file input19.cif (mmCIF, C-alpha atoms)
data_run
#
loop_
_atom_site.label_atom_id
_atom_site.label_comp_id
_atom_site.auth_asym_id
_atom_site.auth_seq_id
_atom_site.Cartn_x
_atom_site.Cartn_y
_atom_site.Cartn_z
CA MET A 1 0.00 0.00 0.00
CA ARG A 2 1.28 3.44 -0.86
CA THR A 3 1.30 5.69 2.19
CA SER A 4 2.96 8.92 1.06
CA THR A 5 1.42 11.62 -1.11
CA THR A 6 4.47 11.68 -3.36
CA ARG A 7 4.31 7.96 -4.04
CA LEU A 8 0.55 8.11 -4.49
CA LEU A 9 0.82 10.90 -7.00
CA GLY A 10 3.67 9.05 -8.71
CA LYS A 11 1.10 6.64 -10.14
CA ALA A 12 0.15 9.29 -12.66
CA ALA A 13 2.53 10.45 -15.37
CA LEU A 14 2.06 12.94 -18.18
CA ALA A 15 3.42 12.47 -21.68
CA LEU A 16 4.64 15.81 -22.98
CA ALA A 17 5.43 16.81 -26.57
CA ALA A 18 6.73 20.13 -27.88
CA VAL A 19 3.92 22.29 -29.18
CA SER A 20 3.96 25.92 -30.20
CA ALA A 21 1.13 28.40 -29.62
CA VAL A 22 -1.82 27.38 -27.49
CA SER A 23 -2.30 23.66 -26.86
CA LEU A 24 -4.97 22.26 -24.61
CA THR A 25 -4.93 18.58 -23.64
CA ALA A 26 -6.42 16.28 -21.05
CA ALA A 27 -3.16 14.74 -19.95
CA CYS A 28 -0.40 15.76 -22.31
CA GLY A 29 1.17 18.79 -23.87
CA GLY A 30 4.56 20.32 -24.59
CA THR A 31 7.52 21.98 -23.00
CA GLY A 32 7.84 25.74 -22.89
CA SER A 33 10.55 26.81 -25.29
CA SER A 34 11.25 28.83 -28.37
CA SER A 35 9.81 27.64 -31.66
CA GLY A 36 10.87 29.40 -34.82
CA GLY A 37 12.16 32.32 -32.76
CA GLU A 38 8.84 32.63 -30.89
CA GLN A 39 8.98 32.28 -27.14
CA THR A 40 6.45 29.97 -25.53
CA VAL A 41 5.45 30.05 -21.87
CA THR A 42 4.29 26.70 -20.47
CA VAL A 43 1.45 26.50 -17.97
CA TYR A 44 0.87 23.27 -16.03
CA SER A 45 -2.75 23.49 -14.94
CA ALA A 46 -5.50 21.53 -13.25
CA ASP A 47 -8.10 20.81 -15.91
CA GLY A 48 -11.32 22.79 -16.24
CA LEU A 49 -10.28 26.23 -17.51
CA ASP A 50 -9.55 25.10 -21.06
CA GLY A 51 -12.05 27.29 -22.91
CA TRP A 52 -11.22 30.44 -20.95
CA TYR A 53 -7.50 29.78 -21.36
CA LYS A 54 -7.81 29.45 -25.12
CA THR A 55 -9.52 32.82 -25.50
CA GLN A 56 -7.30 34.69 -23.07
CA PHE A 57 -4.02 33.18 -24.25
CA GLU A 58 -4.80 34.06 -27.85
CA LYS A 59 -5.40 37.68 -26.76
CA PHE A 60 -2.20 37.63 -24.69
CA LYS A 61 -0.20 36.43 -27.68
CA ALA A 62 -1.71 39.13 -29.89
CA GLN A 63 -0.69 41.78 -27.35
CA THR A 64 2.78 40.50 -26.43
CA GLY A 65 3.90 38.05 -29.11
CA ILE A 66 4.33 35.42 -26.38
CA ALA A 67 2.61 32.10 -27.06
CA VAL A 68 1.24 29.94 -24.26
CA ASN A 69 1.30 26.16 -24.10
CA VAL A 70 -1.00 24.47 -21.59
CA VAL A 71 -0.54 21.04 -20.04
CA ALA A 72 -3.83 20.20 -18.32
CA ALA A 73 -4.30 17.26 -15.95
CA GLY A 74 -5.51 16.32 -12.48
CA SER A 75 -4.34 18.61 -9.68
CA GLY A 76 -2.04 16.01 -8.15
CA GLU A 77 -0.55 15.05 -11.49
CA VAL A 78 0.40 18.66 -12.15
CA VAL A 79 2.45 18.95 -8.96
CA ASN A 80 3.94 15.50 -9.38
CA ARG A 81 5.21 16.39 -12.84
CA VAL A 82 6.80 19.64 -11.65
CA GLU A 83 8.50 17.75 -8.83
CA LYS A 84 9.88 15.08 -11.14
CA GLU A 85 11.28 17.71 -13.51
CA GLN A 86 13.24 19.69 -10.94
CA SER A 87 16.58 18.74 -12.47
CA ASN A 88 15.35 20.16 -15.80
CA PRO A 89 12.36 22.47 -15.16
CA GLN A 90 9.81 22.70 -17.96
CA ALA A 91 6.87 24.53 -16.36
CA ASP A 92 6.78 28.30 -16.01
CA VAL A 93 3.39 28.75 -14.35
CA VAL A 94 1.63 26.25 -12.07
CA VAL A 95 -2.15 26.36 -11.59
CA THR A 96 -3.74 23.79 -9.30
CA LEU A 97 -6.35 23.35 -6.60
CA PRO A 98 -5.73 23.17 -2.86
CA PRO A 99 -4.12 21.48 -1.04
CA PHE A 100 -1.83 20.76 -3.98
CA ILE A 101 -0.61 24.33 -4.40
CA GLN A 102 0.31 24.23 -0.69
CA LYS A 103 2.04 20.90 -1.32
CA ALA A 104 4.01 22.42 -4.18
CA ASP A 105 5.08 25.30 -1.96
CA ALA A 106 6.07 23.01 0.90
CA ALA A 107 8.15 20.93 -1.52
CA GLY A 108 10.05 24.00 -2.69
CA LEU A 109 8.55 23.92 -6.18
CA LEU A 110 7.45 27.57 -6.23
CA GLN A 111 9.16 30.95 -6.08
CA PRO A 112 7.62 34.36 -5.29
CA ILE A 113 5.43 35.36 -8.20
CA GLY A 114 6.78 38.90 -8.19
CA VAL A 115 3.65 40.59 -9.52
CA ASP A 116 1.25 43.08 -7.93
CA THR A 117 -1.53 41.25 -6.09
CA SER A 118 -2.78 44.19 -4.01
CA ALA A 119 -6.21 43.99 -5.68
CA ILE A 120 -6.66 40.39 -4.54
CA ALA A 121 -8.31 39.71 -1.19
CA ASP A 122 -5.80 38.67 1.50
CA SER A 123 -7.70 35.43 2.15
CA GLU A 124 -7.14 34.44 -1.49
CA LYS A 125 -3.35 34.63 -1.66
CA ASP A 126 -0.27 33.33 0.11
CA PRO A 127 1.11 35.90 2.60
CA LYS A 128 4.62 35.00 1.40
CA GLY A 129 3.72 35.74 -2.21
CA LYS A 130 4.10 32.22 -3.58
CA TYR A 131 0.59 31.79 -5.02
CA VAL A 132 -2.64 33.68 -5.63
CA SER A 133 -6.23 32.84 -6.56
CA LEU A 134 -6.71 32.88 -10.32
CA ALA A 135 -10.34 31.74 -10.36
CA GLY A 136 -12.74 30.91 -7.52
CA ASN A 137 -14.53 27.57 -7.67
CA TYR A 138 -16.68 25.12 -5.65
CA LEU A 139 -17.09 21.36 -5.31
CA ASN A 140 -20.31 19.78 -6.62
CA PHE A 141 -21.65 16.55 -8.10
CA ILE A 142 -23.18 15.92 -11.51
CA ALA A 143 -25.97 13.55 -12.56
CA ASN A 144 -27.07 12.14 -15.88
CA SER A 145 -30.19 13.79 -17.28
CA ALA A 146 -32.18 10.62 -16.54
CA VAL A 147 -31.66 11.17 -12.79
CA ASP A 148 -33.70 13.62 -10.71
CA SER A 149 -30.87 15.02 -8.63
CA SER A 150 -32.79 17.89 -7.04
CA ALA A 151 -33.27 16.09 -3.72
CA LEU A 152 -30.45 13.54 -3.72
CA THR A 153 -28.78 12.97 -0.37
CA TRP A 154 -25.41 11.50 0.52
CA ASP A 155 -27.23 8.37 1.68
CA ASP A 156 -29.06 8.10 -1.65
CA LEU A 157 -25.71 7.64 -3.37
CA LEU A 158 -25.29 4.36 -1.46
CA LYS A 159 -28.38 2.81 -3.07
CA PRO A 160 -27.88 -0.36 -5.18
CA GLU A 161 -29.30 1.36 -8.24
CA TYR A 162 -26.02 3.27 -8.58
CA LYS A 163 -23.78 0.20 -8.45
CA GLY A 164 -21.25 0.48 -11.29
CA LYS A 165 -22.81 3.79 -12.30
CA LEU A 166 -21.06 6.12 -9.86
CA GLN A 167 -17.49 7.38 -9.81
CA TYR A 168 -15.55 10.09 -8.05
CA SER A 169 -12.00 11.23 -8.73
CA THR A 170 -9.37 9.79 -6.40
CA PRO A 171 -8.42 11.71 -3.25
CA GLY A 172 -4.72 12.52 -3.39
CA GLN A 173 -4.64 12.56 -7.18
CA ALA A 174 -7.36 15.05 -8.09
CA GLY A 175 -8.25 18.27 -6.27
CA ASP A 176 -11.99 17.64 -6.57
CA GLY A 177 -11.55 14.09 -5.30
CA THR A 178 -9.55 15.31 -2.32
CA ALA A 179 -12.29 17.86 -1.68
CA VAL A 180 -14.86 15.05 -1.45
CA LEU A 181 -12.85 13.51 1.38
CA ILE A 182 -12.29 16.89 3.08
CA LEU A 183 -15.99 17.82 2.88
CA LEU A 184 -17.11 14.48 4.30
CA GLN A 185 -14.60 14.89 7.13
CA ALA A 186 -16.14 18.29 7.90
CA LEU A 187 -19.66 16.84 7.85
CA ARG A 188 -19.11 13.45 9.53
CA GLY A 189 -15.70 13.58 11.20
CA LYS A 190 -12.72 11.59 9.96
CA ASP A 191 -14.01 8.19 11.09
CA GLY A 192 -17.48 8.91 9.73
CA ALA A 193 -16.06 10.00 6.39
CA LEU A 194 -14.13 6.75 6.06
CA GLU A 195 -17.15 4.67 7.02
CA TYR A 196 -19.21 6.42 4.35
CA LEU A 197 -16.58 6.09 1.61
CA LYS A 198 -16.09 2.42 2.50
CA ALA A 199 -19.82 1.88 1.97
CA LEU A 200 -19.78 3.97 -1.23
CA GLN A 201 -17.04 1.74 -2.64
CA ALA A 202 -19.69 -0.88 -3.44
CA ASN A 203 -21.03 1.51 -6.11
CA ASN A 204 -17.79 3.19 -7.16
CA VAL A 205 -16.50 2.19 -10.62
CA GLY A 206 -12.89 2.71 -9.58
CA PRO A 207 -10.08 5.25 -9.34
CA SER A 208 -9.80 8.28 -11.62
CA SER A 209 -6.91 10.74 -11.55
CA SER A 210 -8.86 13.42 -13.42
CA THR A 211 -12.31 14.73 -12.56
CA GLY A 212 -12.70 16.20 -16.04
CA LYS A 213 -12.67 12.76 -17.63
CA LEU A 214 -15.85 11.86 -15.75
CA GLN A 215 -17.98 14.54 -17.43
CA PRO A 216 -18.50 12.85 -20.82
CA LYS A 217 -19.18 9.53 -19.12
CA VAL A 218 -22.03 11.06 -17.12
CA ASP A 219 -23.32 12.92 -20.16
CA LYS A 220 -23.44 9.70 -22.21
CA GLY A 221 -24.98 7.63 -19.42
CA GLU A 222 -21.95 5.41 -18.84
CA LEU A 223 -22.13 6.86 -15.34
CA LEU A 224 -25.16 8.25 -13.55
CA ILE A 225 -23.33 10.16 -10.81
CA ALA A 226 -19.86 11.70 -10.52
CA ASN A 227 -18.15 14.47 -8.65
CA GLY A 228 -17.11 17.71 -10.30
CA ASP A 229 -16.79 21.42 -9.67
CA VAL A 230 -18.98 24.37 -10.56
CA GLN A 231 -16.57 26.06 -12.94
CA MET A 232 -15.64 23.00 -14.96
CA ASN A 233 -19.15 21.58 -15.17
CA MET A 234 -20.86 24.86 -16.09
CA GLU A 235 -18.23 25.47 -18.76
CA SER A 236 -18.86 22.00 -20.20
CA ILE A 237 -22.60 22.65 -20.34
CA LYS A 238 -21.98 25.91 -22.18
CA SER A 239 -19.22 24.94 -24.60
CA LYS A 240 -19.91 21.24 -25.18
CA GLY A 241 -23.65 21.13 -24.70
CA SER A 242 -23.43 18.67 -21.82
CA LYS A 243 -26.86 17.69 -20.50
CA PHE A 244 -25.94 16.55 -16.99
CA GLY A 245 -27.33 18.31 -13.94
CA ILE A 246 -25.29 19.95 -11.19
CA PHE A 247 -26.26 19.20 -7.60
CA PHE A 248 -25.02 19.23 -4.01
CA PRO A 249 -25.86 16.08 -1.99
CA ALA A 250 -27.93 16.87 1.10
CA SER A 251 -27.22 15.66 4.60
CA ALA A 252 -29.87 13.89 6.67
CA ASP A 253 -31.09 17.25 7.97
CA GLY A 254 -31.62 18.51 4.44
CA LYS A 255 -28.71 20.97 4.49
CA LYS A 256 -26.38 21.14 1.51
CA HIS A 257 -22.68 21.94 1.67
CA THR A 258 -19.75 22.57 -0.64
CA VAL A 259 -16.03 23.32 -0.38
CA SER A 260 -14.33 26.41 -1.73
CA LEU A 261 -11.81 25.23 -4.35
CA PRO A 262 -10.00 28.14 -6.00
CA TYR A 263 -7.59 27.61 -8.85
CA PHE A 264 -4.37 28.92 -7.31
CA MET A 265 -1.58 30.20 -9.56
CA GLY A 266 2.15 30.21 -8.80
CA LEU A 267 5.50 30.72 -10.53
CA ALA A 268 7.48 27.50 -10.84
CA LYS A 269 10.93 27.41 -9.28
CA GLY A 270 13.49 27.46 -12.08
CA ALA A 271 10.88 28.61 -14.61
CA PRO A 272 12.65 28.70 -18.01
CA HIS A 273 10.81 31.89 -18.99
CA ALA A 274 10.18 33.60 -15.65
CA GLU A 275 9.88 37.16 -16.94
CA SER A 276 7.44 36.22 -19.68
CA ALA A 277 5.55 34.09 -17.15
CA LYS A 278 5.21 37.14 -14.88
CA LYS A 279 3.79 39.13 -17.78
CA LEU A 280 1.25 36.37 -18.29
CA MET A 281 0.28 36.32 -14.62
CA GLU A 282 -0.10 40.10 -14.55
CA TYR A 283 -2.35 39.85 -17.57
CA LEU A 284 -4.50 37.08 -16.04
CA LEU A 285 -4.91 38.99 -12.77
CA SER A 286 -5.82 42.28 -14.48
CA LYS A 287 -9.28 43.67 -13.86
CA ASP A 288 -10.41 43.36 -17.47
CA VAL A 289 -9.43 39.70 -17.72
CA GLN A 290 -10.72 38.79 -14.27
CA ALA A 291 -14.06 40.37 -15.17
CA THR A 292 -14.47 37.68 -17.84
CA LEU A 293 -14.32 34.82 -15.33
CA GLY A 294 -18.03 34.90 -14.53
CA PRO A 295 -19.53 35.05 -18.04
CA ASP A 296 -16.81 33.12 -19.85
CA ALA A 297 -15.45 30.62 -17.30
CA PHE A 298 -18.21 30.34 -14.67
CA ALA A 299 -15.68 31.15 -11.99
CA VAL A 300 -15.38 33.88 -9.36
CA SER A 301 -12.72 36.58 -9.21
CA ALA A 302 -10.90 37.27 -5.95
CA ARG A 303 -10.27 40.89 -6.94
CA LYS A 304 -11.73 43.25 -4.35
CA ASP A 305 -12.82 45.73 -7.02
CA LEU A 306 -14.93 43.06 -8.75
CA ALA A 307 -16.61 41.64 -5.65
CA GLU A 308 -19.74 43.75 -6.07
CA VAL A 309 -20.11 43.40 -9.83
CA VAL A 310 -23.50 41.95 -10.70
CA PRO A 311 -23.30 39.34 -13.51
CA THR A 312 -25.23 40.13 -16.67
CA GLY A 313 -27.43 37.72 -18.59
CA THR A 314 -30.25 35.41 -17.57
CA GLY A 315 -28.45 32.08 -17.34
CA PRO A 316 -27.23 30.37 -14.17
CA THR A 317 -24.15 31.71 -12.43
CA PRO A 318 -21.85 30.20 -9.80
CA ALA A 319 -23.54 32.44 -7.25
CA SER A 320 -27.02 31.21 -8.19
CA LEU A 321 -25.94 27.57 -8.05
CA ILE A 322 -24.55 27.81 -4.53
CA LYS A 323 -27.40 29.92 -3.21
CA GLY A 324 -28.59 28.23 -0.02
CA VAL A 325 -25.54 25.95 0.03
CA GLU A 326 -23.20 26.33 3.00
CA VAL A 327 -19.61 26.89 1.89
CA VAL A 328 -16.88 25.18 3.91
CA HIS A 329 -13.48 26.92 3.94
CA PRO A 330 -10.91 24.34 5.11
CA ASP A 331 -7.61 25.21 6.75
CA TRP A 332 -5.61 23.93 3.81
CA SER A 333 -2.30 24.13 5.65
CA LYS A 334 -3.71 21.77 8.27
CA VAL A 335 -5.20 19.59 5.55
CA LEU A 336 -1.78 19.28 3.93
CA THR A 337 -0.10 18.41 7.24
CA GLU A 338 -2.54 15.54 7.80
CA LEU A 339 -3.00 14.52 4.17
CA ASP A 340 -0.57 11.59 4.04
CA ALA A 341 -2.16 9.96 7.06
CA ASP A 342 -5.67 10.68 5.79
CA LEU A 343 -4.89 9.17 2.38
CA ALA A 344 -3.36 6.08 3.95
CA ALA A 345 -6.51 5.68 6.06
CA TYR A 346 -8.68 6.22 2.98
CA GLN A 347 -6.80 3.54 1.04
CA LYS A 348 -7.12 1.09 3.89
CA ALA A 349 -10.84 1.75 4.33
CA THR A 350 -11.70 1.50 0.63
CA GLY A 351 -9.16 -1.13 -0.36
CA SER A 352 -7.85 1.05 -3.16
#
call {"tool": "encode", "arguments": {"input": "input19.cif", "output": "structure tokens"}}
result
Amino acid sequence: MRTSTTRLLGKAALALAAVSAVSLTAACGGTGSSSGGEQTVTVYSADGLDGWYKTQFEKFKAQTGIAVNVVAAGSGEVVNRVEKEQSNPQADVVVTLPPFIQKADAAGLLQPIGVDTSAIADSEKDPKGKYVSLAGNYLNFIANSAVDSSALTWDDLLKPEYKGKLQYSTPGQAGDGTAVLILLQALRGKDGALEYLKALQANNVGPSSSTGKLQPKVDKGELLIANGDVQMNMESIKSKGSKFGIFFPASADGKKHTVSLPYFMGLAKGAPHAESAKKLMEYLLSKDVQATLGPDAFAVSARKDLAEVVPTGTGPTPASLIKGVEVVHPDWSKVLTELDADLAAYQKATGS
């Protein structure tokens, strides 16, 4: 049994190939370098922001002449890759969910970003300047259109009808999967969370290192239930026409909860193109670009001067989805400290 986060994350590897301009993949991409005299900044990112990235990186290239290559994967895979490449760094910018950005910092994989973050709320950035919120996000679940998910409870997910039709991304490998474990710990305590996940294992299809890969399976009916996050799932509904529903499982008392899961952004230690990477981060944190998060990426900006902006349009927004849902804000530093032990206990309880 694997008992350390590093070894657990080592199960997942990314195949990278050199690509110029913008490249968006599920688990592969290219190294940041110069191609034909054109400099390319490489971003290793947790999956989910693909559509927003494509638009913004094309605009960034038009303004600066700097191309951006994206390697998108599960949150744990992103950090694992950066760690493995320390002798020959390839990533310039690292974007991942908590507690993996904190793990990257603790492992010495980040350096101060060196850009102005004064407009970002203090609660949404590292006091030492190693990472900052790029896009606010929340944990949720998704259900195939054949399922009435409006009143589904955590206990409902244990029903035999979901055997072989339910899957959640693996804690320790994916940020959303880790959030499932963290949320259940908040709701039921650590022992209660393990008891629940042990029971849920009877229905669970198996491990998945990437939450994003579960979306098409739910949409097609291969799965009926999966975990996800508001930003990624709303973007899929908009850009890909996905028909699944977004829901938050209710507790026995009827209350619904979620976990705050911002996409945190940091500058990789040894970044091959650090100055160009800083230009990119400044661009992404600018007010004009951050203002596009709601309508274009279904995410929430941490900029203080955008906090009161009312979204336009009549469609659903992240705010409308989580209305009436209690948001849990974990102490991610504490989560990271206890993560190895919690993952070892999770593996033992679920037999995974």
call {"tool": "atom_distance", "arguments": {"input": "input19.cif", "atom1": "CA of Leu49 (chain A)", "atom2": "CA of Asp342 (chain A)"}}
result
28.4 Å
call {"tool": "resolve_selection", "arguments": {"input": "input19.cif", "expression": "the PyMOL selection byres ((chain A and resi 107) around 12)", "output": "list in words"}}
result
Thr5, Thr6, Val79, Asn80, Val82, Glu83, Lys84, Gln86, Phe100, Ile101, Gln102, Lys103, Ala104, Asp105, Ala106, Gly108, Leu109, Leu110, Gln111, Ala268, Lys269 and Leu336 of chain A
call {"tool": "atom_distance", "arguments": {"input": "input19.cif", "atom1": "CA of Lys255 (chain A)", "atom2": "CA of Ser333 (chain A)"}}
result
26.6 Å
call {"tool": "residues_around", "arguments": {"input": "input19.cif", "residues": "Trp52 (chain A)", "least_positions_apart": "6", "cutoff": "8 Å", "atoms": "only C-alpha atoms", "output": "list in words"}}
result
Leu293, Asp296 and Ala297 of chain A
call {"tool": "write_last_selection", "arguments": {"input": "input19.cif", "atoms": "C-alpha atoms", "output": "mmCIF file, in the frame of the given file"}}
result
data_model
loop_
_atom_site.group_PDB
_atom_site.id
_atom_site.type_symbol
_atom_site.label_atom_id
_atom_site.label_comp_id
_atom_site.auth_asym_id
_atom_site.auth_seq_id
_atom_site.Cartn_x
_atom_site.Cartn_y
_atom_site.Cartn_z
ATOM 1 C CA LEU A 293 -14.320 34.820 -15.330
ATOM 2 C CA ASP A 296 -16.810 33.120 -19.850
ATOM 3 C CA ALA A 297 -15.450 30.620 -17.300
#
call {"tool": "atom_distance", "arguments": {"input": "input19.cif", "atom1": "CA of Leu157 (chain A)", "atom2": "CA of Gly228 (chain A)"}}
result
14.9 Å
call {"tool": "residues_around", "arguments": {"input": "input19.cif", "residues": "Ala277 (chain A)", "least_positions_apart": "2", "cutoff": "9 Å", "atoms": "all atoms listed in the file", "output": "PyMOL selection string"}}
result
chain A and resi 41-43+92-93+267+271-275+279-282
call {"tool": "residues_around", "arguments": {"input": "input19.cif", "residues": "Gly324 (chain A)", "least_positions_apart": "2", "cutoff": "10 Å", "atoms": "all atoms listed in the file", "output": "list in words"}}
result
Lys255, Lys256, His257, Ala319, Ser320, Leu321, Ile322, Glu326 and Val327 of chain A
call {"tool": "residues_around", "arguments": {"input": "input19.cif", "residues": "Ser133 (chain A)", "least_positions_apart": "3", "cutoff": "6 Å", "atoms": "only C-alpha atoms", "output": "PyMOL selection string"}}
result
chain A and resi 124-125+263-264
call {"tool": "residues_near_point", "arguments": {"input": "input19.cif", "point": "(-7.4, 14.8, -10.4)", "cutoff": "7 Å", "atoms": "all atoms listed in the file", "output": "PyMOL selection string"}}
result
chain A and resi 73-77+169-170+173-177+209-211
call {"tool": "resolve_selection", "arguments": {"input": "input19.cif", "expression": "the PyMOL selection byres ((chain A and resi 331) around 12)", "output": "list of chain:residue names"}}
result
A:Pro98, A:Pro99, A:Gln102, A:Ser123, A:Ile182, A:Leu183, A:Ala186, A:Val259, A:Ser260, A:Leu261, A:Val328, A:His329, A:Pro330, A:Trp332, A:Ser333, A:Lys334, A:Val335, A:Leu336, A:Thr337, A:Glu338, A:Leu339
call {"tool": "resolve_selection", "arguments": {"input": "input19.cif", "expression": "the PyMOL selection byres ((chain A and resi 128) around 12)", "output": "JSON list (two decimals) with C-alpha atoms, keeping the file's coordinate frame"}}
result
[["chain", "number", "residue", "atom", "x", "y", "z"],
["A", 102, "GLN", "CA", 0.31, 24.23, -0.69],
["A", 105, "ASP", "CA", 5.08, 25.30, -1.96],
["A", 110, "LEU", "CA", 7.45, 27.57, -6.23],
["A", 111, "GLN", "CA", 9.16, 30.95, -6.08],
["A", 112, "PRO", "CA", 7.62, 34.36, -5.29],
["A", 113, "ILE", "CA", 5.43, 35.36, -8.20],
["A", 114, "GLY", "CA", 6.78, 38.90, -8.19],
["A", 117, "THR", "CA", -1.53, 41.25, -6.09],
["A", 122, "ASP", "CA", -5.80, 38.67, 1.50],
["A", 125, "LYS", "CA", -3.35, 34.63, -1.66],
["A", 126, "ASP", "CA", -0.27, 33.33, 0.11],
["A", 127, "PRO", "CA", 1.11, 35.90, 2.60],
["A", 129, "GLY", "CA", 3.72, 35.74, -2.21],
["A", 130, "LYS", "CA", 4.10, 32.22, -3.58],
["A", 131, "TYR", "CA", 0.59, 31.79, -5.02],
["A", 132, "VAL", "CA", -2.64, 33.68, -5.63],
["A", 266, "GLY", "CA", 2.15, 30.21, -8.80]]
call {"tool": "residues_around", "arguments": {"input": "input19.cif", "residues": "Tyr346 (chain A)", "least_positions_apart": "5", "cutoff": "10 Å", "atoms": "all atoms listed in the file", "output": "ChimeraX atom specification"}}
result
/A:171-172,181,190-191,193-195,197-198,340-341,351-352
call {"tool": "decode", "arguments": {"input": "input19.cif", "residues": "region 195-214 of chain A", "atoms": "N, CA and C atoms", "output": "PDB file, in the first residue's frame"}}
result
ATOM      1  N   GLU A 195     -16.061   5.650   7.004  1.00  0.00           N
ATOM      2  CA  GLU A 195     -17.149   4.665   7.016  1.00  0.00           C
ATOM      3  C   GLU A 195     -18.047   4.866   5.798  1.00  0.00           C
ATOM      4  N   TYR A 196     -18.347   6.133   5.495  1.00  0.00           N
ATOM      5  CA  TYR A 196     -19.210   6.420   4.352  1.00  0.00           C
ATOM      6  C   TYR A 196     -18.537   6.009   3.046  1.00  0.00           C
ATOM      7  N   LEU A 197     -17.278   6.395   2.856  1.00  0.00           N
ATOM      8  CA  LEU A 197     -16.583   6.090   1.610  1.00  0.00           C
ATOM      9  C   LEU A 197     -16.356   4.586   1.448  1.00  0.00           C
ATOM     10  N   LYS A 198     -16.195   3.882   2.564  1.00  0.00           N
ATOM     11  CA  LYS A 198     -16.087   2.416   2.502  1.00  0.00           C
ATOM     12  C   LYS A 198     -17.382   1.829   1.970  1.00  0.00           C
ATOM     13  N   ALA A 199     -18.522   2.361   2.451  1.00  0.00           N
ATOM     14  CA  ALA A 199     -19.824   1.885   1.968  1.00  0.00           C
ATOM     15  C   ALA A 199     -20.041   2.282   0.507  1.00  0.00           C
ATOM     16  N   LEU A 200     -19.599   3.478   0.145  1.00  0.00           N
ATOM     17  CA  LEU A 200     -19.783   3.968  -1.229  1.00  0.00           C
ATOM     18  C   LEU A 200     -18.965   3.162  -2.233  1.00  0.00           C
ATOM     19  N   GLN A 201     -17.918   2.504  -1.751  1.00  0.00           N
ATOM     20  CA  GLN A 201     -17.041   1.742  -2.635  1.00  0.00           C
ATOM     21  C   GLN A 201     -17.789   0.628  -3.367  1.00  0.00           C
ATOM     22  N   ALA A 202     -18.885   0.166  -2.796  1.00  0.00           N
ATOM     23  CA  ALA A 202     -19.691  -0.876  -3.443  1.00  0.00           C
ATOM     24  C   ALA A 202     -20.274  -0.384  -4.766  1.00  0.00           C
ATOM     25  N   ASN A 203     -20.477   0.927  -4.881  1.00  0.00           N
ATOM     26  CA  ASN A 203     -21.031   1.506  -6.107  1.00  0.00           C
ATOM     27  C   ASN A 203     -19.975   2.123  -7.008  1.00  0.00           C
ATOM     28  N   ASN A 204     -18.824   2.465  -6.438  1.00  0.00           N
ATOM     29  CA  ASN A 204     -17.792   3.193  -7.163  1.00  0.00           C
ATOM     30  C   ASN A 204     -17.167   2.347  -8.276  1.00  0.00           C
ATOM     31  N   VAL A 205     -17.081   2.900  -9.482  1.00  0.00           N
ATOM     32  CA  VAL A 205     -16.499   2.192 -10.618  1.00  0.00           C
ATOM     33  C   VAL A 205     -15.016   1.921 -10.390  1.00  0.00           C
ATOM     34  N   GLY A 206     -14.312   2.888  -9.810  1.00  0.00           N
ATOM     35  CA  GLY A 206     -12.885   2.711  -9.583  1.00  0.00           C
ATOM     36  C   GLY A 206     -12.167   4.036  -9.572  1.00  0.00           C
ATOM     37  N   PRO A 207     -10.846   4.008  -9.447  1.00  0.00           N
ATOM     38  CA  PRO A 207     -10.081   5.253  -9.339  1.00  0.00           C
ATOM     39  C   PRO A 207     -10.095   6.066 -10.628  1.00  0.00           C
ATOM     40  N   SER A 208      -9.934   7.372 -10.485  1.00  0.00           N
ATOM     41  CA  SER A 208      -9.801   8.277 -11.624  1.00  0.00           C
ATOM     42  C   SER A 208      -8.917   9.432 -11.194  1.00  0.00           C
ATOM     43  N   SER A 209      -7.829   9.670 -11.922  1.00  0.00           N
ATOM     44  CA  SER A 209      -6.906  10.739 -11.551  1.00  0.00           C
ATOM     45  C   SER A 209      -7.374  12.110 -12.013  1.00  0.00           C
ATOM     46  N   SER A 210      -8.375  12.152 -12.881  1.00  0.00           N
ATOM     47  CA  SER A 210      -8.856  13.416 -13.421  1.00  0.00           C
ATOM     48  C   SER A 210     -10.371  13.502 -13.335  1.00  0.00           C
ATOM     49  N   THR A 211     -10.865  14.534 -12.669  1.00  0.00           N
ATOM     50  CA  THR A 211     -12.313  14.730 -12.564  1.00  0.00           C
ATOM     51  C   THR A 211     -12.920  15.048 -13.923  1.00  0.00           C
ATOM     52  N   GLY A 212     -12.182  15.796 -14.745  1.00  0.00           N
ATOM     53  CA  GLY A 212     -12.705  16.202 -16.045  1.00  0.00           C
ATOM     54  C   GLY A 212     -13.085  15.034 -16.938  1.00  0.00           C
ATOM     55  N   LYS A 213     -12.384  13.917 -16.788  1.00  0.00           N
ATOM     56  CA  LYS A 213     -12.668  12.761 -17.629  1.00  0.00           C
ATOM     57  C   LYS A 213     -14.005  12.104 -17.293  1.00  0.00           C
ATOM     58  N   LEU A 214     -14.583  12.458 -16.146  1.00  0.00           N
ATOM     59  CA  LEU A 214     -15.855  11.858 -15.746  1.00  0.00           C
ATOM     60  C   LEU A 214     -17.044  12.549 -16.407  1.00  0.00           C
TER      61      LEU A 214
END
